[in-house]
Every structure is written in C-alpha cells, then in structure tokens.
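Below you'll find the structure, written out as structure tokens, and then a few comments.
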Amino acid sequence: MIKIKAKDVDVFYGKKQALYNISLDIEENQVTALIGPSGCGKSTFLRCLNRMNDVIDICNVKGEILINDFNINDKSCDVVRLREKIGMVFQKPNPFPKTLYENVSYGPTIHGMAQSKQEMDEIVETSLKKAALWEEVKDRLHEPGTGLSGGQQQRLCIARAISVRPEVILMDEPCSALDPIATAQIEELIDELKKEHTIIIVTHSMAQAARVSQNTGFFHLGHLIEHGSTDKIFKNPDNTKTQDYITGRFG
Amino acid sequence: MNKNKEQLLNKRYRAERRFRLYGQSAIFMALLFLTIFIFKIFSTGYTAFQKTWLIVPVNFDAEMMMIDQNPSKEDLQDADYYDIALKSMADLDQNANDDQKNQLKRMVSYFFEKEIKNEILNDPSLIGKTKEVYLTASDDLDQVFKGNYPRDLPEDQRRVSDYQLKIFDQLVAKGKVESKFNISFFTYADSREAELAGIASSFMGSIFSILVCLMIAFPVAVLAAIYLEEFAPKNRFTDFIEVNINNLAAVPSIVFGLLGLGVLLAIFHLPRSTPLVGGITLSLMTLPTIIIAARASLKAVPPSIREAALAMGASRMQTTMHHTVPLSMPGTLSGTIIGLAQALGETAPLILIGMVAFVNTIPGSPMDPAASLPVQIYIWAESAERGFVEKVSACIMVLLGFLIIMNLFAQIIRHKFEKKWS
C-alpha cells in the first residue's frame, strides 16, 4: 500500500533549485532509504515531508505531496497536525535540555493525548520501551536527558518521536554521530518500528541502507536517479550512475 | 641551513616572550590604576563613616522649657527647647561674652535643639535634672577631630575661630568628645550642613528609579527581542530596525535626558525631579542594552532544539515559550542586570530631568522628589565645605558596592543556570 506519494516536487533555495521533479511512492510499514552523495537533496526531500522547510525563509516547495491522499502542500494543511502524524529524528541527537520524562511527555502534553498523570506515565513507559531505552533509564527518568550517552540520546529522540504515535517517522542520518554498537542498536530498533510506522531514512552508509531498508531511492544533484526495491538497486541497478555510486566509484 | 632554522626559531620564541610581556604590563597598569583609585577613595572616604559628638551637660529646667513639673506627651512635644539648648552650650564657658556665646552655639549642628528634645521624649523623668547629652559636632570640628582640618592656617582664613578651637581642645582633654559610627549618613536625607547630610534620599531615589526602569525596560526589551529573533521576517525593514537598535545603544545618555525633559516633563507633565521620570528616562537608555543581550542569548540557543520542538508538532509560539526563551533566560537576565547597573551609574539624564534638585526628604514612592546616588556625588562634589569631601568618597563607595553586588548577581545567575544543562 502506498502511504506517501510525491508528484513533481521542485524545491528552490532562493533562486537556486535544489530538487528537480521528484516523484516517489513510499510504501506503508516499510523502510525506505534515501541515499546519494552529500548535497544531492535527499535531506531536503525528507524535510518536505513534514514541511520542516517552512522554517527556512528562502525555501520554496512546489508540487504535490500526498499523504493518505491528502496534499500536505495545500493551504488547508495544518502543519501542527501534520507534524503530529509525521515524526522526525535528526542527524545529531537533540534531546530537550529537560528531564528524560519531560522529553518524552512533551509531545503528548502539547497535543493533549493524556488525561491523567497515570496515562502520561504509561505513554512515557511504552515509548521508552519501544525505543529499547526503558531498562537503561527507568530509575532516572527525572534526570536531564542531556546526561545520556550519544546512542542513548538518539534512542531518547526516537522515543520522543514515537510518543505521539505518528504514522510516519522521518530519520535524517540518525546514526551518523554514533559508534558502531549504538548504530547496530538503532538499526535493530528501526526494524522493530516498521511494524507500526512507515519509516523513511536518509543515510550516507550504503551498508546501512542495504541492511535496514526494503526500498531505496538514489538521489544525485537534485534528481531522483532511480528508485525501487533495495535488492534491485543494490544488485541490479538500471542506471549506470547508481551502479557507480553503489560500487563506490564516486560519492 | 640548520643554523638559520635555529635562529628563526629563537626569533619566534623571543617574539612570543615580548608579546607576553606587553600583555602582562598592560594588566599590571590596569591593576595599578584601579588600586590607586580604590585606595584614594577609601583613604578619603572611610572617615565619613565616623561622626564626632560633643558630650554636653544639659539642665532640663522645666521653667525654661515653659512647661509644668508633670507635663503630658503633647506638652513635651510643644515645649521650647531652644533656650536650654543655648544655655547648655553657653555654660561650657562661664565667662563668655555674647559673641563668644554665639560661637559656642555654632560648635554643634543646628539639630542640637532636636537632639535635646529626643533625649527628654525618651525619658520624661529627666525634668529638673541635668544629664550629659550627645550633640552632633559641627562639620568643621568634626574635621578637626578627624585631623583633616588645617589648624595652622591664620584665623581669618579658617571657619573655626581660635576661641572655638580652645574650648574644643578643653573638651577633648576632658574626654567629652567622642567618635561613633555615623548611622545618620545612611538614615538622613541630604542637608546643606555636611554633618547632617546623608544618602537616604538618594539611595531610595536610586532604588525607585531602577525599579521603574526594570519594570518598563525588561518586558518591552524581552518582547522586542523575542519578536525580532523568532518571529519577524528577515527583510530590509527588520534590518533597519536592528541597525537602529544598535545605534540607540550608542546614543550619549544626555540625549535621553533631553528626551525625558522635552517629552515626559513638557508634554506629559509628569512630576519633576521624581524617580518615576528618572526611571522612564533610564529605561529608554537600558532598552537597547537588554534587547541586544536578549537577542544574543536567543541566538545562542542551538537551532536543533527549535527543530526538535517544531518536528514534535509544537507551534512557533510553543517552541519559543517552552524551549527557546527559558534557555535564553540566564543570558537575558545577566544582560538586564548589567544594563541596570549602567543605568544606576547614570548622572547626566537625571540632572536634565531635575533630579539634581536639593531634596531633604526621604521619598516614600517613585512619585516623590528624590536625588540618586551618582547625582548626590555630583551635588556634594560641588559643595565648598570641607565636610563634603569625605562624603563624596563615601557615597562613591556605597555606589560601587551596589554595582559590585549587582554584577556579582549577574555572574551567579549566568553560571548557576548555564551549568545545569550543559
């Protein structure tokens, strides 16, 4: 089933065009990896999906992005509601400088998802459990989230993202600041999360894309060169550029 | 080749040593000037915290006070103390002629009558008895006792006569002159008489001005900074505003004084010489300082925190109020305190709006006329009497103490709250 359908998306930073005619379908409850060399526009595309580009004054997005058949670039789309449905995890772990508990409960609080303290406690606990962090932090929920290790912080950010039960989770190079062990933990987690969420991950590591994703899109200089099942892209790509990038001849 | 290299290396080390020496001597010079400055102020000013008293026997004669033997409280309030006060002073020298009696009277402050009155109000049983009463010495004798007075000048160049000095020396020899901590310096308002002048009025004036300034400048500046930094679109117009805020911070303070005079007093007819007007004028001056500090600390909040909140579906307002502003508060608050400390030391704008007027009452609200500490320093520095010299230094000490405490407070806020989360 198609969850997100991008049609002819163009993105401009001022006069400079960053994305050209991107059309891409993203399957529900699967992991889609976006790969490509630095500056190819994969993060820009990811940020289109929850309208985070709105924050940048000079950024201009054209085209249609349908999520559940609703165009999020339409004027009637409310970004606050949209971002409640589409969570995001960033490249560098960015927990709020508040306690672990406050970090996870922030989303449910502003969206009014819990009626009582108990409900909130439950949300925090399930979110942390799903993020595979509960066992490590259950005794220090009221200590600052910034005191955790890098990998733990990133899992806290994932817990924060899933606390509002989003349909889609966007991950922008979530492991690039982490060591291999923490990376392996996050990758395991991604595999688990795809049961309930649709995941789109931007990554620099082709090995990671091959390991975690079912579908892959390859970006180059603002163009979506090729997309399809990860197996096909890695084993038998149609385009020579994809072939060259995957085999490490450039990038 | 090798030798050249060695020479070059030595040259580089020498250059580094020279540079360090320049730096060290610059620091040394700065410390030296500071030490001289502080030493000068303390050595001149510390005597102002002592006050000289003459101990004079006073005969509380009911007849002279024109009351009966068992007077009520009101009678004591209304009684005539001038005669017994005069007589007590005149009695210091039994053989004094009229002119000398007059000189004897001028050995104490003109408060002597009140001091005697307070004595009997505290203890009405003194009627008909004689008691030794502490009377404030005149400022000149105060200076004589502290050793600051040039006694060897010819008499016609001195404000203290030979006769007064003679009587004073006799009192000193009898142990009837005493020096005590000068409480009245902190509790009395300004006075034309140095021995009675205190900083209560200007201290309260400063406090009220700073409070008014804080209450106006802080909310306005913080809201302006938040809007400019977090909400305003970045275009020509906001650039223009930004440039002008920076310009405003560089405007000489006296210009703000003229603004206060021309607008607050002339157009809005606010009460002249009051901390209210002073505070509003100072707040105009403090505004850009706080805006700049608040914007800098908002800028210092990492964008990743804003993105995290926005990506969670927080509105812009929620992102700002829940995350950015709390994180920027330590910087904003310490900037505010430093801005207020600047305002506290401002003299020129206050002079223009009339806070330089002679005020001998202690203000009870920002609507009462008052001076301020720096203006008090200016007023006293202009006065001719020797007694005011030490008062100027003492007032500077109080002002500096005030400033040091405020800056310390700013440092503490900054350190305490920044460490907590980093």
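The way I read the labels, and the way they are meant: chains A, B, ... in the order of the structure tokens, residue 1 as the first residue of every chain, and ligand 1 as the first ligand shown, with later ones counted on from there.
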
Would you mind listing, for every residue of chain A within 6 Å of chain B, the two atoms forming the shortest contact and the distance between them in Å to one decimal, using only C-alpha atoms, sorted by chain and ascending residue number, as a tab-separated table?
residue	atom	partner	partner_atom	distance
A:Val80	CA	B:Gly313	CA	4.6
A:Arg83	CA	B:Gly313	CA	4.7
A:Glu84	CA	B:Gly313	CA	5.1
A:Met88	CA	B:Ala311	CA	6.0
A:Pro97	CA	B:Trp421	CA	5.8
A:Gly107	CA	B:Met312	CA	5.8

Go ahead and write the residues just picked, N, CA and C atoms, as an mmCIF file, in the first residue's frame.
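The result, stored in result13.cif:
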data_model
loop_
_atom_site.group_PDB
_atom_site.id
_atom_site.type_symbol
_atom_site.label_atom_id
_atom_site.label_comp_id
_atom_site.auth_asym_id
_atom_site.auth_seq_id
_atom_site.Cartn_x
_atom_site.Cartn_y
_atom_site.Cartn_z
ATOM 1 N N VAL A 80 0.897 21.895 12.269
ATOM 2 C CA VAL A 80 0.971 21.318 13.615
ATOM 3 C C VAL A 80 0.355 19.916 13.615
ATOM 4 N N ARG A 83 2.668 17.492 11.619
ATOM 5 C CA ARG A 83 3.879 17.039 12.313
ATOM 6 C C ARG A 83 3.549 16.112 13.476
ATOM 7 N N GLU A 84 2.301 16.173 13.916
ATOM 8 C CA GLU A 84 1.879 15.206 14.927
ATOM 9 C C GLU A 84 1.847 13.807 14.299
ATOM 10 N N MET A 88 9.952 13.028 13.469
ATOM 11 C CA MET A 88 11.256 13.179 12.836
ATOM 12 C C MET A 88 12.373 12.948 13.842
ATOM 13 N N PRO A 97 16.862 20.128 26.715
ATOM 14 C CA PRO A 97 17.606 20.173 27.980
ATOM 15 C C PRO A 97 16.653 20.101 29.168
ATOM 16 N N GLY A 107 5.503 15.896 23.626
ATOM 17 C CA GLY A 107 4.562 15.770 22.503
ATOM 18 C C GLY A 107 3.149 15.473 22.980
#

>> When DSSP is applied to the backbone of this structure, which of range 5-85 of chain A are assigned strand (DSSP E or B)? Write them out as a PyMOL selection string.
In response: chain A and resi 5-13+16-27+31-35+59-67+70-71

Take the residues from that selection and put them in a file with N, CA and C atoms, as a compact mmCIF listing (two decimals), in the first residue's frame.
# COMPACT_ATOMS: atom_id res chain seq x y z
N LYS A 5 2.85 9.81 -1.52
CA LYS A 5 3.01 9.88 -2.96
C LYS A 5 3.50 11.29 -3.28
N ALA A 6 4.76 11.39 -3.73
CA ALA A 6 5.28 12.70 -4.13
C ALA A 6 5.18 12.82 -5.64
N LYS A 7 4.63 13.99 -6.09
CA LYS A 7 4.45 14.18 -7.54
C LYS A 7 5.12 15.47 -7.98
N ASP A 8 6.12 15.36 -8.81
CA ASP A 8 6.78 16.53 -9.42
C ASP A 8 7.16 17.58 -8.39
N VAL A 9 7.91 17.16 -7.40
CA VAL A 9 8.30 18.12 -6.36
C VAL A 9 9.56 18.87 -6.79
N ASP A 10 9.46 20.21 -6.80
CA ASP A 10 10.63 21.06 -7.04
C ASP A 10 10.88 21.86 -5.77
N VAL A 11 12.15 22.00 -5.40
CA VAL A 11 12.47 22.84 -4.23
C VAL A 11 13.51 23.87 -4.64
N PHE A 12 13.27 25.10 -4.22
CA PHE A 12 14.21 26.19 -4.52
C PHE A 12 14.70 26.80 -3.21
N TYR A 13 16.01 27.06 -3.14
CA TYR A 13 16.54 27.91 -2.07
C TYR A 13 16.85 29.25 -2.71
N LYS A 16 18.25 29.30 -6.34
CA LYS A 16 18.92 28.04 -6.64
C LYS A 16 17.94 26.88 -6.49
N GLN A 17 17.88 26.05 -7.52
CA GLN A 17 16.97 24.90 -7.44
C GLN A 17 17.70 23.72 -6.80
N ALA A 18 17.08 23.12 -5.78
CA ALA A 18 17.73 22.04 -5.06
C ALA A 18 17.17 20.68 -5.44
N LEU A 19 15.90 20.62 -5.81
CA LEU A 19 15.30 19.35 -6.22
C LEU A 19 14.55 19.56 -7.53
N TYR A 20 14.67 18.57 -8.41
CA TYR A 20 14.02 18.67 -9.72
C TYR A 20 13.04 17.52 -9.88
N ASN A 21 11.75 17.88 -10.01
CA ASN A 21 10.77 16.88 -10.46
C ASN A 21 10.82 15.55 -9.73
N ILE A 22 10.83 15.59 -8.43
CA ILE A 22 10.91 14.32 -7.71
C ILE A 22 9.52 13.68 -7.65
N SER A 23 9.41 12.48 -8.13
CA SER A 23 8.18 11.71 -7.98
C SER A 23 8.56 10.38 -7.35
N LEU A 24 7.96 10.09 -6.21
CA LEU A 24 8.39 8.91 -5.46
C LEU A 24 7.22 8.40 -4.65
N ASP A 25 7.01 7.09 -4.67
CA ASP A 25 5.97 6.49 -3.83
C ASP A 25 6.63 5.78 -2.67
N ILE A 26 6.03 5.92 -1.51
CA ILE A 26 6.61 5.28 -0.33
C ILE A 26 5.60 4.32 0.26
N GLU A 27 6.04 3.10 0.46
CA GLU A 27 5.15 2.03 0.90
C GLU A 27 4.90 2.10 2.41
N VAL A 31 10.54 0.23 5.31
CA VAL A 31 11.61 1.21 5.48
C VAL A 31 12.10 1.62 4.10
N THR A 32 12.06 2.90 3.83
CA THR A 32 12.57 3.40 2.57
C THR A 32 13.85 4.18 2.85
N ALA A 33 14.91 3.83 2.18
CA ALA A 33 16.18 4.54 2.39
C ALA A 33 16.39 5.51 1.24
N LEU A 34 16.88 6.69 1.58
CA LEU A 34 17.26 7.65 0.54
C LEU A 34 18.77 7.78 0.61
N ILE A 35 19.43 7.46 -0.50
CA ILE A 35 20.89 7.52 -0.50
C ILE A 35 21.35 8.48 -1.58
N CYS A 59 13.22 29.19 1.40
CA CYS A 59 12.94 27.90 0.78
C CYS A 59 11.52 27.88 0.19
N ASN A 60 11.41 27.35 -1.02
CA ASN A 60 10.15 27.36 -1.74
C ASN A 60 9.90 25.96 -2.31
N VAL A 61 8.78 25.35 -1.92
CA VAL A 61 8.49 23.98 -2.36
C VAL A 61 7.32 24.00 -3.33
N LYS A 62 7.50 23.33 -4.49
CA LYS A 62 6.41 23.25 -5.46
C LYS A 62 6.08 21.78 -5.72
N GLY A 63 4.89 21.52 -6.20
CA GLY A 63 4.50 20.15 -6.48
C GLY A 63 3.58 19.60 -5.41
N GLU A 64 3.19 18.35 -5.59
CA GLU A 64 2.22 17.74 -4.67
C GLU A 64 2.89 16.65 -3.85
N ILE A 65 2.60 16.65 -2.56
CA ILE A 65 3.00 15.51 -1.75
C ILE A 65 1.73 15.00 -1.07
N LEU A 66 1.31 13.80 -1.44
CA LEU A 66 0.07 13.26 -0.88
C LEU A 66 0.40 12.29 0.23
N ILE A 67 -0.13 12.55 1.38
CA ILE A 67 -0.01 11.59 2.47
C ILE A 67 -1.43 11.17 2.81
N PHE A 70 -3.89 13.09 0.88
CA PHE A 70 -4.15 14.49 1.18
C PHE A 70 -2.89 15.30 0.88
N ASN A 71 -3.03 16.36 0.09
CA ASN A 71 -1.85 17.12 -0.31
C ASN A 71 -1.38 18.02 0.82

>> Which residues are near Ser202 in chain B? Cut-off 8 Å, only C-alpha atoms, ignore same chain within fewer than 2 positions. Put them as a list of chain:residue names.
In response: B:Ala189, B:Asp190, B:Ile199, B:Ala200, B:Met204, B:Gly205, B:Ser206, B:Ala370, B:Ala371, B:Ser372, B:Leu373, B:Val375, B:Gln376

>> Show me, as number ranges by chain, the residues that have an atom within 9 Å of Ile186 in chain A when counting only C-alpha atoms, minus same-chain residues fewer than 6 positions from it.
In response: A: 131-132, 151, 154-155, 174-175

For the selection you just gave me, I'd like the residues written to a file as a PDB file, in the first residue's frame, keeping C-alpha atoms.
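Wrote it out as again36.pdb, contents follow:
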ATOM      1  CA  ALA A 131      12.749   2.729  21.784  1.00  0.00           C
ATOM      2  CA  ALA A 132      14.589  -0.002  23.727  1.00  0.00           C
ATOM      3  CA  GLY A 151      23.377   6.419  21.381  1.00  0.00           C
ATOM      4  CA  GLN A 154      19.306   9.227  19.926  1.00  0.00           C
ATOM      5  CA  ARG A 155      17.049   6.476  21.239  1.00  0.00           C
ATOM      6  CA  PRO A 174      20.176   9.074  12.616  1.00  0.00           C
ATOM      7  CA  CYS A 175      23.388   7.105  13.120  1.00  0.00           C
TER       8      CYS A 175
END

> Which residue out of A:Lys138, A:Pro37, A:Lys42, A:Gly14 has the minimum interatomic distance to Met171 in chain A when only C-alpha atoms are used?
Replying inline: A:Lys42

> So which residues touch Ser213 in chain A within 12 Å, counting only C-alpha atoms, skipping near sequence neighbours fewer than 3 positions away, as an MDAnalysis selection string?
Replying inline: chainID A and resid 26:27 29:35 187:188 190:191 194 198:203 205:210 216:217 228:234

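The two atoms in question, CA of Tyr134 in chain B and CA of Ile55 in chain B, are spaced 4.7 Å apart.
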
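Between CA of Phe240 in chain B and CA of Ala225 in chain B the interatomic distance comes to 14.5 Å.
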
Tell me, as a CSV table (one decimal) with C-alpha atoms, in the first residue's frame, which residues lie within 6 Å of Phe181 in chain B, counting only C-alpha atoms; anything in the same chain fewer than 2 positions away does not count.
chain,number,residue,atom,x,y,z
B,49,PHE,CA,31.5,56.5,58.5
B,50,GLN,CA,32.5,58.1,61.8
B,183,ILE,CA,24.3,56.0,61.4

> Got a sec: who's within 7 Å of Val160 in chain B, counting only C-alpha atoms, leaving out chain neighbours fewer than 4 positions off, as a list in words?
Replying inline: Asp140, Gln164 and Leu165 of chain B

> Among range 39-147 of chain A, which residues carry a DSSP assignment of alpha helix (DSSP H), reported as a PyMOL selection string?
Replying inline: chain A and resi 42-48+79-85+100-110+117-130+134-137

Take the residues just selected and output them with C-alpha atoms as a tab-separated table (two decimals), in the first residue's frame.
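Result written to out.tsv:
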chain	number	residue	atom	x	y	z
A	42	LYS	CA	17.93	13.76	-0.02
A	43	SER	CA	17.62	15.59	3.31
A	44	THR	CA	15.80	18.43	1.59
A	45	PHE	CA	13.29	15.95	0.24
A	46	LEU	CA	12.89	14.37	3.66
A	47	ARG	CA	12.18	17.77	5.21
A	48	CYS	CA	9.49	18.39	2.59
A	79	VAL	CA	1.50	21.96	9.92
A	80	VAL	CA	0.97	21.32	13.61
A	81	ARG	CA	-1.45	18.45	12.86
A	82	LEU	CA	0.83	17.23	10.08
A	83	ARG	CA	3.88	17.04	12.31
A	84	GLU	CA	1.88	15.21	14.93
A	85	LYS	CA	1.37	12.46	12.30
A	100	LEU	CA	14.02	12.27	30.29
A	101	TYR	CA	10.39	12.21	31.36
A	102	GLU	CA	9.72	15.72	30.11
A	103	ASN	CA	11.40	14.91	26.82
A	104	VAL	CA	9.06	12.03	26.10
A	105	SER	CA	5.94	13.61	27.58
A	106	TYR	CA	6.35	16.88	25.69
A	107	GLY	CA	4.56	15.77	22.50
A	108	PRO	CA	1.62	14.09	24.26
A	109	THR	CA	1.31	17.16	26.50
A	110	ILE	CA	1.05	19.74	23.73
A	117	LYS	CA	-0.73	11.56	35.20
A	118	GLN	CA	-1.13	7.78	35.01
A	119	GLU	CA	-1.93	7.85	31.32
A	120	MET	CA	1.09	10.05	30.74
A	121	ASP	CA	3.29	7.69	32.75
A	122	GLU	CA	2.05	4.86	30.56
A	123	ILE	CA	2.78	6.74	27.35
A	124	VAL	CA	6.28	7.56	28.56
A	125	GLU	CA	6.91	3.97	29.57
A	126	THR	CA	5.65	2.39	26.32
A	127	SER	CA	7.52	4.93	24.21
A	128	LEU	CA	10.76	4.28	26.05
A	129	LYS	CA	10.19	0.53	25.85
A	130	LYS	CA	9.57	0.71	22.12
A	134	TRP	CA	13.37	1.72	29.25
A	135	GLU	CA	15.59	-0.80	31.02
A	136	GLU	CA	18.55	1.58	30.97
A	137	VAL	CA	16.78	4.69	32.22

>> Taking only C-alpha atoms into account, name the residue in B:Phe268, B:Phe256, B:Phe145, B:Phe231 that is nearest to Thr47 in chain B.
In response: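 That would be B:Phe145, the residue with the smallest distance to Thr47 in chain B.
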
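Using only C-alpha atoms, the nearest neighbour of Ser334 in chain B within the list B:Gln411, B:Asn102, B:Thr286, B:Gln170 is B:Gln411.
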